[in-house]
Structure formats: structure tokens, C-alpha cells
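Student: Okay, handing you the structure first.
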Amino acid sequence: METRNIFLPNYSIGENPYIEVPSICEAYGKKVVFIGGKTALAKASDIVKDIIKNSSLEIIDTLWFGGEACYENVEKLKQKKSVIEADMIFAFGGGKAIDTCKCLTGQLKKPLFTFPTISSTCASVTSVCAMYNENGSFRNLYWRFAPAEHTFICTKIISEAPDKYLWAGIGDTMAKGYEPEFSSRGKSLNHSNALGVTLSKLCQEPLVRYGKKALDDCKADRVSNELEETILAIIVTTGIVSNYVINDYNSSLAHALCYGFSTIHHVEISHLHGEIVSYGVLVLLMVDGRTDEIDRIIPFYKSIKLPISYKNLGTSEEEMENVIQKAIEVPDLNVSAFPVTKKMIWEAVKKLENYEK
């Protein structure tokens, strides 16, 4: 049998987890380059600088990641003298900045430490990178040899970020609570896939329990247990599932519909990825006949204003034709509990429209 490697994330979480940076990172060398988004660097880099000033770590440069997670920006960063000389990279920001640095350090075989400043994706603890073209269109997936060496999750900084990112993160993470099980149902699962699928149910349960309070606290720039539990579900639990299961089980109808909606320009520019995916979760549950679960989560959806109709996404019935057509064409539905047809999706969409009427 072939050898398989499973690498899981290491992380620190709290209001000031950055105090752990010297003790965790000094073993990897001395020279550090900070790379990230402009806002993220402004929010977090000075705090880290102040903490490591009396350590053996030396910051030799601070760089903007380039604005898009694309190979062109990775190549530009690879040419930087400071990056070549660095012993390690510290990545600050959201998914695109961190994925850029994951790809960069994967190619250069350099240690990476991530500092997520928003809680909208699990990018900071996963191996996979979503890579785009320079114009923002999706290109492909890149897999780093392992997740970042360590992730520092500062709940205070995340609480002060715009709450829309946490809101979208909740929406995206709801899908991870259902898509792996639906995609893998009826399959013979090996150890890692079985672990990942079993853990996936823990993605959505804390969100339904804590998500509303977490969002209220984020709006008030307030750290709380509910906010921390929600952040852990979005970043860590989802990331562990992603690292365990094969790519076929990482996505399904909720994301397929999201890619369909992305073909409508006004939806793409006006609505966040996680927001769109959350609507797809309801369609997936309707296709699967799980109205009991819809009944359980719709009150939560309404409480935080996640979409429960395609009309909430500014989409007409006529436009839904192309959305659904695109959804059945993307590979996300190649593996599922049963064959999902265009007719089935249409029927589920229409049932959902009339479900509470």
C-alpha cells in the first residue's frame, strides 16, 4: 500500500496569542519576512514586532502580498532578496494573502506562520490554496506539502474586523457541516476520510448555538466565549476536516450553486462567497429530503439574515436557469450520495421558495 502523510494544524488562540511567537518560532531560524494585506499588516504587525523585539527573531522586511492569490504575485515575491534570505515567513490577513504565502513557502520549502486577522475561511490552517488569475477569476488549487507550522489566532483583532467577514465565514462553514457527509455517503471510507466526515458535523453545530451572539459581539468589538467558539468552528474545525478528507468530499451542491451564482455579475460583486454558499446549503438539504434539518436551522438563518431565497441574492427565476446549469457542470457534484440532476435542483429551489408560505 502507498504511504500517505496527514499533517494537522497547530494553533494558539486568545486575546493575545502573539506572546507565544518567540517560544514557538525561534527554533526555525532568525530572519523573518512579514507578508500580508495592507489592512492586516497595519492591524497586527506592530503588535508582533513589539513582542519579538527582545527575542532572537529579526524582521528583515515587510511586504504587501500583491492583492490577489495568483502565481504571478508568488513569482514576484520569490524574486525579493529578503524573501530569498528569510528563514521563515509570517503571513497576515485573510484567505488570499495567506494562500499566496502558503504557495510561496511551499515552492521555496520555507517555514510559514499564519496570523489570520479575519474569520472568514480556514485558509490559515489548511494545505490547499485557492489560486486565481490576475483578473480575479479562479485558476486552480495548489497543495502545500503541509499546513503552516503554526497559526496564531487573535480573537481581539478578529472581533474588531468588519462583522461581514465573520457572517460570511459562518455561511461558508455551514456547508462544511453537510457537504462531506452528502458527498461521501455510501462510500467505503478509509481512516482519514472517516475521521474528517465524522468531524464535519461539528462545523455547523457550534454556529447554530453560538453564531448569533458571536456576530453581536463582533459588531460591538467585544471578545466572548461565543465569538471564540465560532472562530474555532470556522478556522480550526473546518480546516481539520479539509486536511483529513479527499477533495471530492470537501465540496458538493452548496458550492456548485455558488459557482453558478458567480456567473451573474451583480451577484458576484454584491454578495460574499459564504453568504451565497449558505443558501446552497438549504437547497442541498431540500434535494436530500432533510426538511427536519431545514426546520432546525432556518430560525438561525433568519436571526443573522443569511439568505433563504435566491431572491435574497438579487436573482430572478430566469437567471436561476443559468445558475443551475452551471452548478451541474462543475466537478463539485461528481461525487455525491446519489446522482443530482438539474431537474432535482430546480424542484428543490421551488420547494424552498414555497416552504414557509
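Identifiers for the C-alpha cells are assigned positionally: chains receive A, B, ... in sequence, residues are indexed from 1 per chain, and ligands are indexed from 1 in the order shown.
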For stretch 148-150 of chain A, list every protein, DNA or RNA residue within 7 Å, evaluated using only C-alpha atoms, and leave out those in the same chain fewer than 6 positions away; present the list as a ChimeraX atom specification.
Tutor: /A:9-11,111-114,125
Student: Go ahead and save the residues from that selection, with N, CA, C and O atoms, as a CSV table (one decimal), in the first residue's frame.
Tutor:
chain,number,residue,atom,x,y,z
A,9,PRO,N,-3.2,20.9,11.8
A,9,PRO,CA,-2.7,22.3,12.2
A,9,PRO,C,-2.4,22.4,13.7
A,9,PRO,O,-2.9,21.7,14.5
A,10,ASN,N,-1.4,23.2,13.9
A,10,ASN,CA,-1.1,23.7,15.3
A,10,ASN,C,-1.5,25.1,15.4
A,10,ASN,O,-1.3,25.9,14.5
A,11,TYR,N,-2.0,25.5,16.6
A,11,TYR,CA,-2.5,26.9,16.7
A,11,TYR,C,-2.5,27.3,18.1
A,11,TYR,O,-2.5,26.5,19.1
A,111,PRO,N,9.6,27.6,6.2
A,111,PRO,CA,8.6,27.6,7.3
A,111,PRO,C,7.6,28.7,7.2
A,111,PRO,O,8.0,29.9,6.8
A,112,LEU,N,6.4,28.5,7.5
A,112,LEU,CA,5.3,29.5,7.4
A,112,LEU,C,4.6,29.6,8.7
A,112,LEU,O,4.2,28.6,9.3
A,113,PHE,N,4.3,30.8,9.2
A,113,PHE,CA,3.5,31.1,10.4
A,113,PHE,C,2.4,32.0,10.0
A,113,PHE,O,2.6,33.0,9.3
A,114,THR,N,1.1,31.7,10.3
A,114,THR,CA,0.0,32.5,9.8
A,114,THR,C,-0.7,33.2,10.9
A,114,THR,O,-0.8,32.7,12.1
A,125,VAL,N,-5.1,27.3,8.3
A,125,VAL,CA,-4.7,26.1,8.9
A,125,VAL,C,-4.7,24.9,7.9
A,125,VAL,O,-4.6,23.7,8.3
Student: Please return, as a PyMOL selection string, all residues of stretch 28-273 of chain A that DSSP assigns to strand (DSSP E or B) on the basis of the backbone.
Tutor: chain A and resi 31-36+58-64+88-93+112-116+128-132+138-143+150-154
Student: Show me, as a list in words, the residues that have an atom within 8 Å of A:Leu202 when counting only C-alpha atoms, minus same-chain residues fewer than 6 positions from it.
Tutor: Gly177, Ala233 and Thr237 of chain A
Student: Could you write out the selected residues, including C-alpha atoms, as a short mmCIF file (atom, residue, chain, number, x, y, z; two decimals), in the first residue's frame?
Tutor:
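Output saved as selection.cif:
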data_model
loop_
_atom_site.label_atom_id
_atom_site.label_comp_id
_atom_site.auth_asym_id
_atom_site.auth_seq_id
_atom_site.Cartn_x
_atom_site.Cartn_y
_atom_site.Cartn_z
CA GLY A 177 -21.34 20.62 8.21
CA ALA A 233 -15.52 26.32 14.11
CA THR A 237 -12.70 22.56 12.81
#
Student: Write down as a ChimeraX atom specification the residues belonging to stretch 27-264 of chain A that are assigned helix (DSSP H, G or I) by DSSP computed on the backbone.
Tutor: /A:27-28,38-52,71-78,81-85,95-108,123-125,155-160,163-176,179-184,191-219,225-244,247-249,253-261
Student: Counting only C-alpha atoms, which of A:Cys70, A:Met88, A:Ile47, A:Ala194 gets nearest to A:Lys30?
Tutor: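 The shortest atom-to-atom distance to A:Lys30 comes from A:Met88.
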Student: Show me, as a short mmCIF file (atom, residue, chain, number, x, y, z; two decimals) with N, CA, C and O atoms, in the first residue's frame, the residues that have an atom within 12 Å of A:Ala27 when counting only C-alpha atoms, minus same-chain residues fewer than 4 positions from it.
Tutor:
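Dumped everything to result_8.cif:
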data_model
loop_
_atom_site.label_atom_id
_atom_site.label_comp_id
_atom_site.auth_asym_id
_atom_site.auth_seq_id
_atom_site.Cartn_x
_atom_site.Cartn_y
_atom_site.Cartn_z
N VAL A 21 4.80 33.80 20.12
CA VAL A 21 5.59 33.76 18.89
C VAL A 21 7.06 33.43 19.14
O VAL A 21 7.61 32.52 18.48
N PRO A 22 7.75 34.12 20.05
CA PRO A 22 9.18 33.81 20.21
C PRO A 22 9.43 32.34 20.59
O PRO A 22 10.29 31.68 19.98
N SER A 23 8.70 31.82 21.55
CA SER A 23 8.98 30.45 22.01
C SER A 23 8.67 29.41 20.94
O SER A 23 9.31 28.36 20.89
N LYS A 31 15.79 35.04 10.70
CA LYS A 31 15.34 36.08 9.78
C LYS A 31 13.89 35.86 9.37
O LYS A 31 13.53 34.80 8.85
N SER A 55 13.66 39.15 21.34
CA SER A 55 13.95 37.74 21.04
C SER A 55 15.09 37.66 20.02
O SER A 55 15.64 38.68 19.59
N SER A 56 15.40 36.44 19.60
CA SER A 56 16.44 36.27 18.58
C SER A 56 15.91 36.47 17.17
O SER A 56 16.67 36.47 16.20
N LEU A 57 14.59 36.66 17.04
CA LEU A 57 13.99 36.85 15.71
C LEU A 57 14.26 38.25 15.19
O LEU A 57 14.19 39.23 15.94
N ASP A 87 14.51 33.06 6.82
CA ASP A 87 14.41 31.72 7.38
C ASP A 87 12.96 31.27 7.47
O ASP A 87 12.68 30.07 7.47
N MET A 88 12.06 32.24 7.57
CA MET A 88 10.63 31.92 7.72
C MET A 88 9.79 33.11 7.25
O MET A 88 10.27 34.25 7.20
N PRO A 111 9.60 27.59 6.22
CA PRO A 111 8.57 27.56 7.26
C PRO A 111 7.62 28.75 7.15
O PRO A 111 8.03 29.85 6.77
N GLU A 149 3.30 25.94 9.82
CA GLU A 149 3.90 25.33 11.00
C GLU A 149 3.10 25.66 12.27
O GLU A 149 2.99 24.84 13.18
#
Student: Please, what distance in Å, to one decimal, runs between atom CA of A:Lys176 and atom CA of A:Ala123?
Tutor: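 It comes out at 13.7 Å.
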Student: At a cut-off of 10 Å, using only C-alpha atoms, what residues contact A:Pro331? Leave out same-chain residues fewer than 4 positions from it and give the result as an MDAnalysis selection string.
Tutor: chainID A and resid 248 251:253 256 327 335
Student: Any idea what's packed within 9 Å of A:Phe65, counting only C-alpha atoms, ignoring anything in its chain fewer than 6 positions away? Could you give it as a PyMOL selection string?
Tutor: chain A and resi 35-38+73-74+77+91+96-98+100-101
Student: Any idea what's packed within 12 Å of A:Lys219, counting only C-alpha atoms, ignoring anything in its chain fewer than 3 positions away? Could you give it as a tab-separated table (two decimals) with all heavy atoms, in the first residue's frame?
Tutor:
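What landed in selection_3.tsv:
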chain	number	residue	atom	x	y	z
A	158	ILE	N	-9.72	39.91	15.49
A	158	ILE	CA	-10.86	39.43	14.70
A	158	ILE	C	-12.15	40.10	15.16
A	158	ILE	O	-13.02	40.44	14.34
A	158	ILE	CB	-10.96	37.90	14.78
A	158	ILE	CG1	-9.78	37.27	14.01
A	158	ILE	CG2	-12.29	37.40	14.20
A	158	ILE	CD1	-9.68	35.77	14.14
A	159	SER	N	-12.30	40.34	16.46
A	159	SER	CA	-13.51	40.99	16.96
A	159	SER	C	-13.64	42.42	16.46
A	159	SER	O	-14.75	42.95	16.37
A	159	SER	CB	-13.52	40.98	18.49
A	159	SER	OG	-12.61	41.93	19.04
A	160	GLU	N	-12.52	43.04	16.12
A	160	GLU	CA	-12.52	44.43	15.67
A	160	GLU	C	-12.61	44.54	14.15
A	160	GLU	O	-12.74	45.65	13.61
A	160	GLU	CB	-11.24	45.13	16.17
A	160	GLU	CG	-11.20	45.24	17.69
A	160	GLU	CD	-9.84	45.68	18.21
A	160	GLU	OE1	-8.89	45.77	17.39
A	160	GLU	OE2	-9.72	45.92	19.43
A	161	ALA	N	-12.57	43.42	13.45
A	161	ALA	CA	-12.71	43.42	11.99
A	161	ALA	C	-14.18	43.60	11.61
A	161	ALA	O	-15.07	43.36	12.43
A	161	ALA	CB	-12.17	42.11	11.42
A	162	PRO	N	-14.46	44.05	10.39
A	162	PRO	CA	-15.87	44.18	9.96
A	162	PRO	C	-16.62	42.87	10.15
A	162	PRO	O	-16.14	41.80	9.75
A	162	PRO	CB	-15.74	44.56	8.48
A	162	PRO	CG	-14.42	45.25	8.38
A	162	PRO	CD	-13.53	44.52	9.35
A	163	ASP	N	-17.81	42.95	10.75
A	163	ASP	CA	-18.56	41.73	11.08
A	163	ASP	C	-19.01	40.97	9.84
A	163	ASP	O	-19.36	39.79	9.93
A	163	ASP	CB	-19.75	42.07	11.97
A	163	ASP	CG	-20.73	43.02	11.31
A	163	ASP	OD1	-20.53	44.25	11.40
A	163	ASP	OD2	-21.69	42.54	10.70
A	164	LYS	N	-19.00	41.60	8.67
A	164	LYS	CA	-19.44	40.90	7.46
A	164	LYS	C	-18.55	39.71	7.15
A	164	LYS	O	-19.02	38.72	6.56
A	164	LYS	CB	-19.48	41.85	6.26
A	164	LYS	CG	-18.12	42.37	5.81
A	164	LYS	CD	-18.24	43.29	4.60
A	164	LYS	CE	-16.88	43.80	4.12
A	164	LYS	NZ	-17.00	44.67	2.93
A	165	TYR	N	-17.28	39.76	7.56
A	165	TYR	CA	-16.39	38.65	7.28
A	165	TYR	C	-16.73	37.45	8.17
A	165	TYR	O	-16.71	36.31	7.71
A	165	TYR	CB	-14.94	39.07	7.47
A	165	TYR	CG	-14.49	40.13	6.50
A	165	TYR	CD1	-14.08	41.39	6.94
A	165	TYR	CD2	-14.50	39.89	5.14
A	165	TYR	CE1	-13.69	42.37	6.05
A	165	TYR	CE2	-14.10	40.87	4.23
A	165	TYR	CZ	-13.69	42.11	4.70
A	165	TYR	OH	-13.31	43.09	3.81
A	166	LEU	N	-17.04	37.71	9.43
A	166	LEU	CA	-17.46	36.64	10.32
A	166	LEU	C	-18.79	36.05	9.83
A	166	LEU	O	-18.97	34.83	9.82
A	166	LEU	CB	-17.61	37.16	11.74
A	166	LEU	CG	-17.99	36.11	12.80
A	166	LEU	CD1	-16.82	35.17	13.05
A	166	LEU	CD2	-18.41	36.80	14.10
A	167	TRP	N	-19.69	36.91	9.42
A	167	TRP	CA	-21.00	36.50	8.90
A	167	TRP	C	-20.84	35.57	7.70
A	167	TRP	O	-21.46	34.50	7.62
A	167	TRP	CB	-21.79	37.75	8.53
A	167	TRP	CG	-23.15	37.53	7.96
A	167	TRP	CD1	-24.25	37.02	8.60
A	167	TRP	CD2	-23.59	37.85	6.63
A	167	TRP	NE1	-25.33	37.02	7.75
A	167	TRP	CE2	-24.96	37.51	6.54
A	167	TRP	CE3	-22.96	38.41	5.51
A	167	TRP	CZ2	-25.70	37.71	5.37
A	167	TRP	CZ3	-23.69	38.59	4.35
A	167	TRP	CH2	-25.04	38.25	4.29
A	212	LYS	N	-25.19	33.69	16.52
A	212	LYS	CA	-25.90	34.96	16.67
A	212	LYS	C	-25.22	35.85	17.70
A	212	LYS	O	-24.96	37.03	17.47
A	212	LYS	CB	-27.36	34.70	17.07
A	212	LYS	CG	-28.17	35.97	17.38
A	212	LYS	CD	-28.33	36.86	16.16
A	212	LYS	CE	-29.38	37.92	16.33
A	212	LYS	NZ	-29.08	38.89	17.40
A	213	LYS	N	-24.91	35.28	18.86
A	213	LYS	CA	-24.24	36.05	19.91
A	213	LYS	C	-22.84	36.46	19.46
A	213	LYS	O	-22.39	37.59	19.72
A	213	LYS	CB	-24.14	35.19	21.18
A	213	LYS	CG	-23.33	35.82	22.33
A	213	LYS	CD	-23.99	37.04	22.92
A	213	LYS	CE	-23.47	37.38	24.31
A	213	LYS	NZ	-22.01	37.42	24.44
A	214	ALA	N	-22.15	35.58	18.75
A	214	ALA	CA	-20.81	35.90	18.25
A	214	ALA	C	-20.84	37.10	17.31
A	214	ALA	O	-20.00	38.00	17.40
A	214	ALA	CB	-20.21	34.69	17.54
A	215	LEU	N	-21.83	37.13	16.41
A	215	LEU	CA	-21.96	38.27	15.50
A	215	LEU	C	-22.27	39.56	16.24
A	215	LEU	O	-21.71	40.62	15.94
A	215	LEU	CB	-23.04	37.99	14.47
A	215	LEU	CG	-22.61	37.36	13.15
A	215	LEU	CD1	-23.82	37.04	12.30
A	215	LEU	CD2	-21.65	38.27	12.40
A	216	ASP	N	-23.15	39.47	17.22
A	216	ASP	CA	-23.47	40.66	18.03
A	216	ASP	C	-22.22	41.17	18.74
A	216	ASP	O	-21.99	42.38	18.81
A	216	ASP	CB	-24.56	40.33	19.05
A	216	ASP	CG	-25.92	40.09	18.41
A	216	ASP	OD1	-26.11	40.50	17.25
A	216	ASP	OD2	-26.78	39.48	19.08
A	222	ARG	N	-16.27	43.11	20.70
A	222	ARG	CA	-16.18	42.51	22.02
A	222	ARG	C	-15.79	41.04	21.91
A	222	ARG	O	-16.40	40.26	21.18
A	222	ARG	CB	-17.53	42.64	22.71
A	222	ARG	CG	-17.63	42.07	24.13
A	222	ARG	CD	-18.96	42.44	24.75
A	222	ARG	NE	-20.10	41.95	23.97
A	222	ARG	CZ	-21.13	42.71	23.57
A	222	ARG	NH1	-21.16	44.00	23.85
A	222	ARG	NH2	-22.12	42.18	22.88
A	223	VAL	N	-14.75	40.64	22.64
A	223	VAL	CA	-14.34	39.24	22.69
A	223	VAL	C	-15.24	38.51	23.68
A	223	VAL	O	-15.57	39.03	24.75
A	223	VAL	CB	-12.87	39.13	23.13
A	223	VAL	CG1	-12.49	37.66	23.32
A	223	VAL	CG2	-11.95	39.77	22.10
A	224	SER	N	-15.66	37.30	23.32
A	224	SER	CA	-16.50	36.50	24.19
A	224	SER	C	-16.25	35.03	23.92
A	224	SER	O	-15.63	34.65	22.92
A	224	SER	CB	-17.99	36.81	23.95
A	224	SER	OG	-18.38	36.39	22.64
A	227	LEU	N	-17.87	34.11	20.65
A	227	LEU	CA	-17.08	34.51	19.49
A	227	LEU	C	-15.92	33.55	19.28
A	227	LEU	O	-15.65	33.12	18.15
A	227	LEU	CB	-16.56	35.94	19.66
A	227	LEU	CG	-15.67	36.45	18.52
A	227	LEU	CD1	-16.44	36.51	17.21
A	227	LEU	CD2	-15.11	37.83	18.86
Student: What is the atom CA of A:Asn243-atom CA of A:His191 distance in Å, reported with one decimal?
Tutor: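 It comes out at 12.7 Å.
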